[in-house]
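**Q** Data file entry_2.cif (mmCIF, C-alpha atoms, pLDDT in the B column; chains and numbers go by the auth columns) is appended below.
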data_run
loop_
_atom_site.group_PDB
_atom_site.id
_atom_site.type_symbol
_atom_site.label_atom_id
_atom_site.label_comp_id
_atom_site.label_asym_id
_atom_site.label_seq_id
_atom_site.Cartn_x
_atom_site.Cartn_y
_atom_site.Cartn_z
_atom_site.B_iso_or_equiv
_atom_site.auth_seq_id
_atom_site.auth_asym_id
ATOM 1 C CA MET A 1 -58.967 -33.776 16.533 61.00 1 A
ATOM 2 C CA LYS A 2 -58.509 -30.092 17.376 60.00 2 A
ATOM 3 C CA LYS A 3 -56.392 -31.051 20.368 64.00 3 A
ATOM 4 C CA THR A 4 -54.115 -33.257 18.197 64.00 4 A
ATOM 5 C CA ILE A 5 -53.635 -30.495 15.613 61.00 5 A
ATOM 6 C CA LEU A 6 -52.890 -27.998 18.393 55.00 6 A
ATOM 7 C CA ASN A 7 -50.322 -30.375 19.961 58.00 7 A
ATOM 8 C CA LEU A 8 -48.660 -31.053 16.590 55.00 8 A
ATOM 9 C CA THR A 9 -48.484 -27.318 15.854 59.00 9 A
ATOM 10 C CA THR A 10 -46.952 -26.634 19.272 61.00 10 A
ATOM 11 C CA VAL A 11 -44.347 -29.402 18.797 54.00 11 A
ATOM 12 C CA PHE A 12 -43.574 -28.101 15.274 57.00 12 A
ATOM 13 C CA PHE A 13 -42.903 -24.540 16.551 54.00 13 A
ATOM 14 C CA MET A 14 -40.771 -25.873 19.415 62.00 14 A
ATOM 15 C CA VAL A 15 -38.634 -27.866 16.957 58.00 15 A
ATOM 16 C CA ILE A 16 -38.241 -24.751 14.781 64.00 16 A
ATOM 17 C CA ALA A 17 -37.201 -22.717 17.845 60.00 17 A
ATOM 18 C CA VAL A 18 -34.588 -25.306 18.892 62.00 18 A
ATOM 19 C CA ILE A 19 -33.158 -25.422 15.362 66.00 19 A
ATOM 20 C CA GLY A 20 -33.073 -21.617 15.254 61.00 20 A
ATOM 21 C CA VAL A 21 -31.246 -21.345 18.579 59.00 21 A
ATOM 22 C CA SER A 22 -28.633 -23.969 17.650 59.00 22 A
ATOM 23 C CA SER A 23 -28.045 -22.442 14.216 55.00 23 A
ATOM 24 C CA CYS A 24 -27.538 -18.965 15.715 51.00 24 A
ATOM 25 C CA SER A 25 -24.340 -20.087 17.403 50.00 25 A
ATOM 26 C CA LYS A 26 -23.135 -21.514 14.075 48.00 26 A
ATOM 27 C CA THR A 27 -24.067 -18.220 12.377 44.00 27 A
ATOM 28 C CA GLU A 28 -22.053 -16.273 14.967 47.00 28 A
ATOM 29 C CA ASP A 29 -19.047 -18.512 14.243 46.00 29 A
ATOM 30 C CA ALA A 30 -19.443 -17.921 10.522 42.00 30 A
ATOM 31 C CA VAL A 31 -19.753 -14.144 10.994 41.00 31 A
ATOM 32 C CA GLU A 32 -16.465 -14.085 12.940 45.00 32 A
ATOM 33 C CA ASP A 33 -14.723 -15.652 9.908 44.00 33 A
ATOM 34 C CA ILE A 34 -16.076 -13.101 7.420 44.00 34 A
ATOM 35 C CA THR A 35 -13.706 -10.321 6.435 51.00 35 A
ATOM 36 C CA VAL A 36 -15.322 -7.125 5.271 55.00 36 A
ATOM 37 C CA PRO A 37 -12.585 -5.163 3.500 61.00 37 A
ATOM 38 C CA VAL A 38 -12.653 -1.452 4.270 75.00 38 A
ATOM 39 C CA PRO A 39 -10.485 0.630 1.923 83.00 39 A
ATOM 40 C CA LEU A 40 -8.316 3.425 3.283 85.00 40 A
ATOM 41 C CA SER A 41 -6.007 5.743 1.353 89.00 41 A
ATOM 42 C CA ILE A 42 -2.679 6.782 2.890 89.00 42 A
ATOM 43 C CA ASN A 43 -0.734 9.661 1.326 90.00 43 A
ATOM 44 C CA THR A 44 2.769 10.826 2.240 89.00 44 A
ATOM 45 C CA ASN A 45 4.813 13.738 0.930 91.00 45 A
ATOM 46 C CA THR A 46 8.423 14.131 2.005 90.00 46 A
ATOM 47 C CA GLU A 47 11.136 16.543 0.938 93.00 47 A
ATOM 48 C CA ILE A 48 14.598 14.963 0.866 92.00 48 A
ATOM 49 C CA GLU A 49 18.058 15.611 -0.526 93.00 49 A
ATOM 50 C CA ILE A 50 19.543 12.827 -2.585 91.00 50 A
ATOM 51 C CA PRO A 51 22.817 12.283 -4.388 92.00 51 A
ATOM 52 C CA PHE A 52 21.583 12.325 -7.980 93.00 52 A
ATOM 53 C CA ALA A 53 23.756 10.447 -10.465 91.00 53 A
ATOM 54 C CA VAL A 54 22.668 8.961 -13.770 93.00 54 A
ATOM 55 C CA SER A 55 24.418 7.236 -16.617 94.00 55 A
ATOM 56 C CA THR A 56 23.385 5.393 -19.773 94.00 56 A
ATOM 57 C CA GLU A 57 23.792 2.248 -17.639 95.00 57 A
ATOM 58 C CA GLU A 58 21.425 1.453 -14.763 95.00 58 A
ATOM 59 C CA VAL A 59 22.403 3.164 -11.476 94.00 59 A
ATOM 60 C CA VAL A 60 21.025 2.102 -8.078 95.00 60 A
ATOM 61 C CA PHE A 61 20.121 5.043 -5.812 93.00 61 A
ATOM 62 C CA PRO A 62 20.454 4.931 -2.005 91.00 62 A
ATOM 63 C CA ASP A 63 17.446 3.913 0.101 91.00 63 A
ATOM 64 C CA MET A 64 14.746 6.497 0.764 88.00 64 A
ATOM 65 C CA PRO A 65 12.953 5.928 4.071 81.00 65 A
ATOM 66 C CA LEU A 66 9.231 5.619 3.518 81.00 66 A
ATOM 67 C CA ASN A 67 8.316 7.113 6.916 78.00 67 A
ATOM 68 C CA LEU A 68 4.915 5.458 6.788 85.00 68 A
ATOM 69 C CA ASP A 69 3.420 4.295 10.094 87.00 69 A
ATOM 70 C CA VAL A 70 0.562 2.123 8.846 89.00 70 A
ATOM 71 C CA GLU A 71 -0.446 1.177 12.411 89.00 71 A
ATOM 72 C CA ALA A 72 -0.950 4.855 13.324 89.00 72 A
ATOM 73 C CA LYS A 73 -2.883 5.555 10.104 89.00 73 A
ATOM 74 C CA ILE A 74 -5.231 2.631 10.761 88.00 74 A
ATOM 75 C CA LYS A 75 -5.774 3.663 14.408 89.00 75 A
ATOM 76 C CA GLU A 76 -6.391 7.278 13.352 89.00 76 A
ATOM 77 C CA LYS A 77 -9.318 6.174 11.163 87.00 77 A
ATOM 78 C CA PHE A 78 -10.446 3.052 13.059 86.00 78 A
ATOM 79 C CA PRO A 79 -9.312 3.190 16.745 89.00 79 A
ATOM 80 C CA ALA A 80 -10.401 -0.396 17.467 88.00 80 A
ATOM 81 C CA LEU A 81 -8.283 -1.878 14.657 88.00 81 A
ATOM 82 C CA SER A 82 -4.533 -2.437 14.315 88.00 82 A
ATOM 83 C CA ILE A 83 -1.903 -3.512 11.811 90.00 83 A
ATOM 84 C CA ASN A 84 -3.078 -7.094 12.437 90.00 84 A
ATOM 85 C CA ASN A 85 -6.318 -6.185 10.634 90.00 85 A
ATOM 86 C CA LEU A 86 -4.428 -5.249 7.447 89.00 86 A
ATOM 87 C CA LYS A 87 -5.714 -7.451 4.611 92.00 87 A
ATOM 88 C CA SER A 88 -4.193 -5.776 1.545 92.00 88 A
ATOM 89 C CA ALA A 89 -1.895 -2.886 0.586 93.00 89 A
ATOM 90 C CA LYS A 90 -1.094 -1.570 -2.875 95.00 90 A
ATOM 91 C CA LEU A 91 0.703 1.423 -4.300 95.00 91 A
ATOM 92 C CA SER A 92 -1.821 3.708 -5.998 95.00 92 A
ATOM 93 C CA SER A 93 0.524 6.526 -7.084 95.00 93 A
ATOM 94 C CA PHE A 94 4.129 7.641 -6.798 96.00 94 A
ATOM 95 C CA SER A 95 5.954 10.680 -8.117 96.00 95 A
ATOM 96 C CA ILE A 96 9.145 12.621 -7.536 96.00 96 A
ATOM 97 C CA ASP A 97 9.091 16.401 -8.013 97.00 97 A
ATOM 98 C CA PHE A 98 12.250 18.422 -8.661 96.00 98 A
ATOM 99 C CA LEU A 99 12.815 21.271 -6.168 96.00 99 A
ATOM 100 C CA SER A 100 16.468 22.288 -6.714 95.00 100 A
ATOM 101 C CA SER A 101 19.948 21.016 -7.465 94.00 101 A
ATOM 102 C CA SER A 102 23.330 22.035 -6.124 93.00 102 A
ATOM 103 C CA ASN A 103 24.679 23.085 -9.524 89.00 103 A
ATOM 104 C CA GLY A 104 22.336 26.038 -10.055 88.00 104 A
ATOM 105 C CA ASP A 105 19.500 23.818 -11.274 89.00 105 A
ATOM 106 C CA SER A 106 21.235 22.989 -14.558 90.00 106 A
ATOM 107 C CA ILE A 107 20.708 19.240 -13.944 93.00 107 A
ATOM 108 C CA LYS A 108 17.047 18.302 -13.626 94.00 108 A
ATOM 109 C CA LEU A 109 14.920 15.163 -13.837 95.00 109 A
ATOM 110 C CA ASN A 110 14.870 15.108 -17.651 95.00 110 A
ATOM 111 C CA LYS A 111 18.289 13.409 -17.389 95.00 111 A
ATOM 112 C CA VAL A 112 16.317 10.303 -16.293 96.00 112 A
ATOM 113 C CA LEU A 113 15.136 8.212 -19.251 96.00 113 A
ATOM 114 C CA SER A 114 13.643 5.336 -17.250 97.00 114 A
ATOM 115 C CA ALA A 115 13.379 4.299 -13.627 97.00 115 A
ATOM 116 C CA LYS A 116 12.196 1.406 -11.484 97.00 116 A
ATOM 117 C CA LEU A 117 10.872 1.853 -7.951 97.00 117 A
ATOM 118 C CA LEU A 118 11.536 -0.982 -5.516 97.00 118 A
ATOM 119 C CA ILE A 119 10.438 -1.592 -1.932 96.00 119 A
ATOM 120 C CA LYS A 120 12.454 -3.464 0.661 94.00 120 A
ATOM 121 C CA ALA A 121 11.943 -4.697 4.198 92.00 121 A
ATOM 122 C CA PRO A 122 13.888 -7.060 6.482 92.00 122 A
ATOM 123 C CA ASP A 123 13.445 -10.779 5.722 92.00 123 A
ATOM 124 C CA LEU A 124 11.623 -10.032 2.437 94.00 124 A
ATOM 125 C CA SER A 125 13.052 -9.963 -1.063 95.00 125 A
ATOM 126 C CA ASP A 126 13.116 -6.571 -2.771 96.00 126 A
ATOM 127 C CA LYS A 127 10.084 -6.046 -4.980 96.00 127 A
ATOM 128 C CA GLU A 128 9.622 -3.801 -8.030 97.00 128 A
ATOM 129 C CA ILE A 129 6.417 -1.801 -7.576 97.00 129 A
ATOM 130 C CA ALA A 130 6.396 0.992 -10.201 97.00 130 A
ATOM 131 C CA THR A 131 8.165 2.218 -13.337 97.00 131 A
ATOM 132 C CA VAL A 132 8.776 5.281 -15.510 97.00 132 A
ATOM 133 C CA GLU A 133 9.555 4.889 -19.208 97.00 133 A
ATOM 134 C CA ASN A 134 10.702 7.510 -21.736 96.00 134 A
ATOM 135 C CA ASN A 135 10.687 10.430 -19.307 95.00 135 A
ATOM 136 C CA THR A 136 11.111 13.918 -20.799 94.00 136 A
ATOM 137 C CA SER A 137 9.902 16.057 -17.891 96.00 137 A
ATOM 138 C CA GLU A 138 12.424 18.320 -16.144 95.00 138 A
ATOM 139 C CA THR A 139 10.277 18.755 -13.055 96.00 139 A
ATOM 140 C CA SER A 140 8.736 15.385 -12.245 96.00 140 A
ATOM 141 C CA LEU A 141 8.977 11.637 -12.553 96.00 141 A
ATOM 142 C CA ASN A 142 5.476 10.150 -12.604 97.00 142 A
ATOM 143 C CA PHE A 143 5.627 6.429 -11.928 97.00 143 A
ATOM 144 C CA THR A 144 3.088 3.882 -13.095 97.00 144 A
ATOM 145 C CA PRO A 145 2.353 1.356 -10.313 97.00 145 A
ATOM 146 C CA LEU A 146 2.599 -2.274 -11.389 95.00 146 A
ATOM 147 C CA ALA A 147 -0.811 -3.923 -11.358 88.00 147 A
ATOM 148 C CA ASP A 148 -1.719 -6.262 -8.508 87.00 148 A
ATOM 149 C CA VAL A 149 1.560 -6.021 -6.585 95.00 149 A
ATOM 150 C CA GLU A 150 0.687 -6.832 -2.970 95.00 150 A
ATOM 151 C CA LEU A 151 2.657 -4.832 -0.370 95.00 151 A
ATOM 152 C CA MET A 152 0.935 -5.913 2.846 93.00 152 A
ATOM 153 C CA ASP A 153 3.943 -7.769 4.300 93.00 153 A
ATOM 154 C CA TYR A 154 6.294 -4.865 3.471 93.00 154 A
ATOM 155 C CA LEU A 155 4.070 -2.247 5.101 91.00 155 A
ATOM 156 C CA LYS A 156 3.591 -4.382 8.218 89.00 156 A
ATOM 157 C CA SER A 157 7.323 -4.064 8.799 86.00 157 A
ATOM 158 C CA SER A 158 8.403 -1.002 10.756 80.00 158 A
ATOM 159 C CA ASN A 159 11.646 -0.845 8.770 87.00 159 A
ATOM 160 C CA HIS A 160 10.603 -0.495 5.132 90.00 160 A
ATOM 161 C CA SER A 161 12.195 1.737 2.517 92.00 161 A
ATOM 162 C CA LEU A 162 12.171 2.517 -1.192 94.00 162 A
ATOM 163 C CA TYR A 163 14.969 2.816 -3.702 95.00 163 A
ATOM 164 C CA LEU A 164 15.361 3.566 -7.401 96.00 164 A
ATOM 165 C CA LYS A 165 17.157 1.929 -10.287 96.00 165 A
ATOM 166 C CA VAL A 166 17.638 4.679 -12.863 96.00 166 A
ATOM 167 C CA LYS A 167 18.880 4.797 -16.441 96.00 167 A
ATOM 168 C CA GLY A 168 19.774 8.195 -17.861 95.00 168 A
ATOM 169 C CA THR A 169 19.964 9.883 -21.243 93.00 169 A
ATOM 170 C CA GLU A 170 23.593 10.843 -20.461 93.00 170 A
ATOM 171 C CA ALA A 171 25.959 10.887 -17.505 94.00 171 A
ATOM 172 C CA ALA A 172 25.165 13.577 -14.916 93.00 172 A
ATOM 173 C CA ALA A 173 25.665 14.069 -11.172 93.00 173 A
ATOM 174 C CA THR A 174 24.556 16.596 -8.560 94.00 174 A
ATOM 175 C CA GLN A 175 23.009 16.873 -5.114 94.00 175 A
ATOM 176 C CA MET A 176 19.262 17.248 -5.650 95.00 176 A
ATOM 177 C CA LYS A 177 16.379 18.289 -3.407 95.00 177 A
ATOM 178 C CA VAL A 178 13.125 16.530 -4.334 95.00 178 A
ATOM 179 C CA ARG A 179 9.632 15.982 -3.000 95.00 179 A
ATOM 180 C CA VAL A 180 8.576 12.343 -2.886 94.00 180 A
ATOM 181 C CA ASN A 181 4.802 11.860 -3.160 94.00 181 A
ATOM 182 C CA SER A 182 3.326 8.440 -2.521 93.00 182 A
ATOM 183 C CA ALA A 183 -0.166 7.090 -2.054 93.00 183 A
ATOM 184 C CA PHE A 184 -1.152 3.632 -0.898 93.00 184 A
ATOM 185 C CA THR A 185 -4.557 2.006 -0.811 93.00 185 A
ATOM 186 C CA ILE A 186 -4.924 -0.398 2.071 91.00 186 A
ATOM 187 C CA GLN A 187 -7.791 -2.598 3.161 90.00 187 A
ATOM 188 C CA VAL A 188 -8.466 -3.531 6.737 89.00 188 A
ATOM 189 C CA GLY A 189 -10.739 -6.358 7.790 82.00 189 A
ATOM 190 C CA LEU A 190 -13.413 -6.047 10.425 68.00 190 A
#
Re-express the file's structure as structure tokens.
**A**
Amino acid sequence: MKKTILNLTTVFFMVIAVIGVSSCSKTEDAVEDITVPVPLSINTNTEIEIPFAVSTEEVVFPDMPLNLDVEAKIKEKFPALSINNLKSAKLSSFSIDFLSSSNGDSIKLNKVLSAKLLIKAPDLSDKEIATVENNTSETSLNFTPLADVELMDYLKSSNHSLYLKVKGTEAAATQMKVRVNSAFTIQVGL
């Protein structure tokens, strides 16, 4: 009887071991399909000169290059990853700060009543990503990012840019130097 119990116990443990070994390969396959999102913040600040013109009607400003190399930012933080590991990208903040204007600083950002920020990239439709409403500040435009606007495909492109649609309190025009501050939150998958 002891010999039978010992044989049954041995067979039982062997069956468990075989099941464990075969399920490990299935577990490895499942682990390869799991994406663990790792958040990363990317900030850029750029000083540029823009032709500044507003009217009581909406005016479209020229493109502003974003100058954001997402691939380099990912590799800087995670050398083994690339742009192909990008799982999500969203605008977390955007502002424009007044530095000077060509008319002795008499025209400032308070001439802007409202503004829309749009992103564009080749083969993608332009997308509105942030807005300003009822601006009164002379020195800055602080945009509110639109909730849940996914920018991953735009930031994967090496040729992306931003532009503004602006409505003013009155007609005004000058050459303006500004600082563009943007922050993006991206997630990369491991």
**Q** Expressed in Å to a single decimal, how great is the separation between atom CA of A:Leu86 and atom CA of A:Ala72?
**A** 12.2 Å
**Q** Sorted by chain and rising residue number, list the residues of stretch 50-121 of chain A at most 10 Å from stretch 126-146 of chain A (counting all atoms listed in the file), each with its closest atom pair and distance in Å to one decimal, as a tab-separated table.
**A**
residue	atom	partner	partner_atom	distance
A:Lys90	CA	A:Pro145	CA	8.7
A:Leu91	CA	A:Pro145	CA	6.2
A:Ser92	CA	A:Pro145	CA	6.4
A:Ser93	CA	A:Pro145	CA	6.4
A:Phe94	CA	A:Phe143	CA	5.5
A:Ser95	CA	A:Asn142	CA	4.5
A:Ile96	CA	A:Leu141	CA	5.1
A:Asp97	CA	A:Ser140	CA	4.4
A:Phe98	CA	A:Thr139	CA	4.8
A:Leu99	CA	A:Thr139	CA	7.8
A:Ser100	CA	A:Thr139	CA	9.5
A:Ile107	CA	A:Glu138	CA	8.6
A:Lys108	CA	A:Glu138	CA	5.3
A:Leu109	CA	A:Glu138	CA	4.6
A:Asn110	CA	A:Glu138	CA	4.3
A:Lys111	CA	A:Glu138	CA	7.8
A:Val112	CA	A:Asn135	CA	6.4
A:Leu113	CA	A:Asn135	CA	5.0
A:Ser114	CA	A:Glu133	CA	4.6
A:Ala115	CA	A:Val132	CA	5.1
A:Lys116	CA	A:Thr131	CA	4.5
A:Leu117	CA	A:Ala130	CA	5.1
A:Leu118	CA	A:Glu128	CA	4.2
A:Ile119	CA	A:Lys127	CA	5.4
A:Lys120	CA	A:Asp126	CA	4.7
A:Ala121	CA	A:Asp126	CA	7.3
**Q** So which residues touch A:Val38 within 7 Å, counting all atoms listed in the file, skipping near sequence neighbours fewer than 6 positions away, as an MDAnalysis selection string?
**A** chainID A and resid 187:189
**Q** With the PyMOL selection byres ((chain A and resi 84) around 12) as the selection, what would be picked from this file? Answer as a PyMOL selection string, please.
**A** chain A and resi 70-71+74-75+80-83+85-88+152-153+155-157+187-190
**Q** Here's a test: counting only C-alpha atoms, identify every protein, DNA and RNA residue with an atom at most 9 Å from (-5.0, 11.5, 0.2) in the file's coordinate frame, and state them as a list in words.
**A**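 Output: Ser41, Ile42, Asn43, Thr44, Ala183 and Phe184 of chain A.
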**Q** A:Ser125, A:Ser101, A:Thr174, A:Thr169: which is nearest A:Glu58, counting only C-alpha atoms?
**A**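 Going through A:Ser125, A:Ser101, A:Thr174, A:Thr169 one by one, the smallest distance to A:Glu58 is for A:Thr169.
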**Q** Nearest to A:Ala53: which of A:Val178, A:Ala89, A:Val166, A:Leu124 is it, counting all atoms listed in the file?
**A**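 With all atoms listed in the file as the atom set, the closest residue is A:Val166.
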**Q** Specify as a PDB file with C-alpha atoms, in the coordinates of the input each residue included when the PyMOL selection byres ((chain A and resi 57) around 10) is applied to this file.
**A**
ATOM      1  CA  VAL A  54      22.668   8.961 -13.770  1.00 93.00           C
ATOM      2  CA  SER A  55      24.418   7.236 -16.617  1.00 94.00           C
ATOM      3  CA  THR A  56      23.385   5.393 -19.773  1.00 94.00           C
ATOM      4  CA  GLU A  58      21.425   1.453 -14.763  1.00 95.00           C
ATOM      5  CA  VAL A  59      22.403   3.164 -11.476  1.00 94.00           C
ATOM      6  CA  VAL A  60      21.025   2.102  -8.078  1.00 95.00           C
ATOM      7  CA  LYS A 165      17.157   1.929 -10.287  1.00 96.00           C
ATOM      8  CA  VAL A 166      17.638   4.679 -12.863  1.00 96.00           C
ATOM      9  CA  LYS A 167      18.880   4.797 -16.441  1.00 96.00           C
ATOM     10  CA  GLY A 168      19.774   8.195 -17.861  1.00 95.00           C
ATOM     11  CA  THR A 169      19.964   9.883 -21.243  1.00 93.00           C
ATOM     12  CA  GLU A 170      23.593  10.843 -20.461  1.00 93.00           C
ATOM     13  CA  ALA A 171      25.959  10.887 -17.505  1.00 94.00           C
TER      14      ALA A 171
END
**Q** Could you put an axis-aligned box around every listed atom of stretch 113-125 of chain A, padded by 8 Å on each side, and send me its centre and edge lengths in Å to one decimal, as lines of an AutoDock Vina configuration file?
**A**
center_x = 12.8
center_y = -1.3
center_z = -6.4
size_x = 20.7
size_y = 35.0
size_z = 41.7
**Q** Nearest to A:Phe61 among A:Ile186, A:Val180, A:Leu164, A:Ala172, with distances taken over only C-alpha atoms: which residue is it?
**A**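 For A:Phe61, the nearest of the given residues is A:Leu164.
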**Q** For the atom pair atom CA of A:Arg179 and atom CA of A:Ile50, what is the interatomic distance in Å to one decimal place?
**A**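 Going from atom CA of A:Arg179 over to atom CA of A:Ile50 covers 10.4 Å.
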**Q** Choose the residue, out of A:Val149, A:Leu40, A:Leu162, A:Met64, that has the smallest atom-to-atom separation from A:Thr185; count only C-alpha atoms.
**A**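 Checking each candidate against A:Thr185, we get A:Leu40 as the closest.
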**Q** I'd like the interatomic distance between atom CA of A:Lys73 and atom CA of A:Pro122, to a tenth of an Å.
**A**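 The value is 21.3 Å.
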**Q** Considering only C-alpha atoms, return as a PyMOL selection string whatever protein or nucleic-acid residues lie within 8 Å of A:Gln175, sequence-local ones (same chain, fewer than 4 positions apart) excluded.
**A** chain A and resi 49-52+101-103
**Q** Write to file, as an mmCIF file, in the frame of the given file, the residues of the selection just made, with C-alpha atoms.
**A**
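Result file follows (result.cif):
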data_model
loop_
_atom_site.group_PDB
_atom_site.id
_atom_site.type_symbol
_atom_site.label_atom_id
_atom_site.label_comp_id
_atom_site.auth_asym_id
_atom_site.auth_seq_id
_atom_site.Cartn_x
_atom_site.Cartn_y
_atom_site.Cartn_z
ATOM 1 C CA GLU A 49 18.058 15.611 -0.526
ATOM 2 C CA ILE A 50 19.543 12.827 -2.585
ATOM 3 C CA PRO A 51 22.817 12.283 -4.388
ATOM 4 C CA PHE A 52 21.583 12.325 -7.980
ATOM 5 C CA SER A 101 19.948 21.016 -7.465
ATOM 6 C CA SER A 102 23.330 22.035 -6.124
ATOM 7 C CA ASN A 103 24.679 23.085 -9.524
#
